[in-house]
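Take a look at the structure set out below.
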Amino acid sequence: MAPSKLRYISESAFKMESVSLTRDVKCYLGLQEGPQSCLVAARFIYNDHPNRWMSTVRVLQCLVGNEVTDYRVAIDPARSLSYILCPDSDVADAFRGHYVSIGYANVVFEQVMNVTVKPFGDDVEQHTMARRFI
């Protein structure tokens, strides 16, 4: 990936020191709790598109071209965040602090430094609860 394809904002900021992930995101990306070097959060600004996963893939495709298959994408439905697991830490660092705009999707990339998992009681609220089976 050539960093020259990205529009520059600032390299000195845009780090999320600690992020509390849902179990779905943690499992899908294959992450362990603790320090991370290859994880990037894509923060969507002014995007009302119902399919945030596809918007994330389109943004990623504009940045890395045909290498999209080297990345894993997971969406946090409770926030305006998509998580991208990069193939290595150099790519994650290159994403940090950049802004991309595609259509109505405006995305700012932040590097995630540490991952924790939400407590079970907080995490299960995003799922539909089955009350009765017939």
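By order of appearance in the structure tokens: chains A, B, ..., then residues from 1 within every chain, and ligands from 1 in the order shown.
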
If we count only C-alpha atoms and set the cut-off at 12 Å, which residues sit around stretch 70-77 of chain A, ignoring sequence neighbours fewer than 4 positions away in its own chain? Please answer as an MDAnalysis selection string. chainID A and resid 1 19:31 38:44 50:61 63:66 81:88 91:92 123 125:127

Which residues are close to A:Val100, i.e. within 9 Å by only C-alpha atoms, leaving aside same-chain residues fewer than 4 positions away? Reply as an MDAnalysis selection string. chainID A and resid 6:7 59 62:63 105:109

Please, could you write that set of residues out with N, CA and C atoms as a short mmCIF file (atom, residue, chain, number, x, y, z; two decimals), in the first residue's frame?
```cif
data_model
loop_
_atom_site.label_atom_id
_atom_site.label_comp_id
_atom_site.auth_asym_id
_atom_site.auth_seq_id
_atom_site.Cartn_x
_atom_site.Cartn_y
_atom_site.Cartn_z
N LEU A 6 -3.26 8.20 0.46
CA LEU A 6 -4.08 8.68 1.56
C LEU A 6 -3.96 10.18 1.71
N ARG A 7 -5.07 10.82 2.10
CA ARG A 7 -5.03 12.24 2.37
C ARG A 7 -4.54 12.46 3.79
N VAL A 59 -14.16 1.77 1.22
CA VAL A 59 -13.08 2.66 1.66
C VAL A 59 -11.76 1.91 1.61
N CYS A 62 -10.49 1.43 -1.94
CA CYS A 62 -9.88 2.63 -2.52
C CYS A 62 -8.46 2.84 -2.02
N LEU A 63 -8.18 2.37 -0.81
CA LEU A 63 -6.84 2.55 -0.23
C LEU A 63 -5.85 1.49 -0.68
N ALA A 105 -19.75 8.79 2.71
CA ALA A 105 -18.99 8.16 3.79
C ALA A 105 -17.69 8.93 4.00
N ASN A 106 -17.53 9.49 5.19
CA ASN A 106 -16.30 10.17 5.58
C ASN A 106 -15.70 9.38 6.72
N VAL A 107 -14.44 8.97 6.57
CA VAL A 107 -13.82 8.05 7.52
C VAL A 107 -12.50 8.62 8.01
N VAL A 108 -12.30 8.52 9.33
CA VAL A 108 -11.02 8.87 9.96
C VAL A 108 -10.47 7.59 10.57
N PHE A 109 -9.20 7.30 10.35
CA PHE A 109 -8.57 6.08 10.84
C PHE A 109 -7.79 6.35 12.12
#
```

When DSSP is applied to the backbone of this structure, which of stretch 35-88 of chain A are assigned alpha helix (DSSP H)? Write them out as a list of chain:residue names. A:Arg52, A:Trp53, A:Met54, A:Ser55, A:Thr56, A:Val57, A:Arg58, A:Val59, A:Leu60, A:Gln61, A:Cys62, A:Leu63, A:Val64

Quick one: residues within 12 Å of A:Ser89, only C-alpha atoms, excluding same-chain residues fewer than 6 positions away - as a list in words?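 Using only C-alpha atoms, the neighbours found are Gln36, Ser37, Cys38, Leu39, Val40, Phe95, Arg96, Gln111, Val112 and Met113 of chain A.
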
Between atom CA of A:Ile102 and atom CA of A:Lys15, what is the distance, to one decimal in Å? 22.6 Å

To one decimal place, how far is atom CA of A:Glu110 from atom CA of A:Asp90 in Å? 13.6 Å

What does the distance from atom CA of A:Asn114 to atom CA of A:Gln32 come to in Å, to one decimal?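 Answer for the atom CA of A:Asn114 to atom CA of A:Gln32 separation: 9.8 Å.
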
Tell me which of A:Glu33, A:Val68, A:Ser18, A:Tyr99 sits closest to A:Ile45, counting only C-alpha atoms.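 Closest candidate: A:Tyr99.
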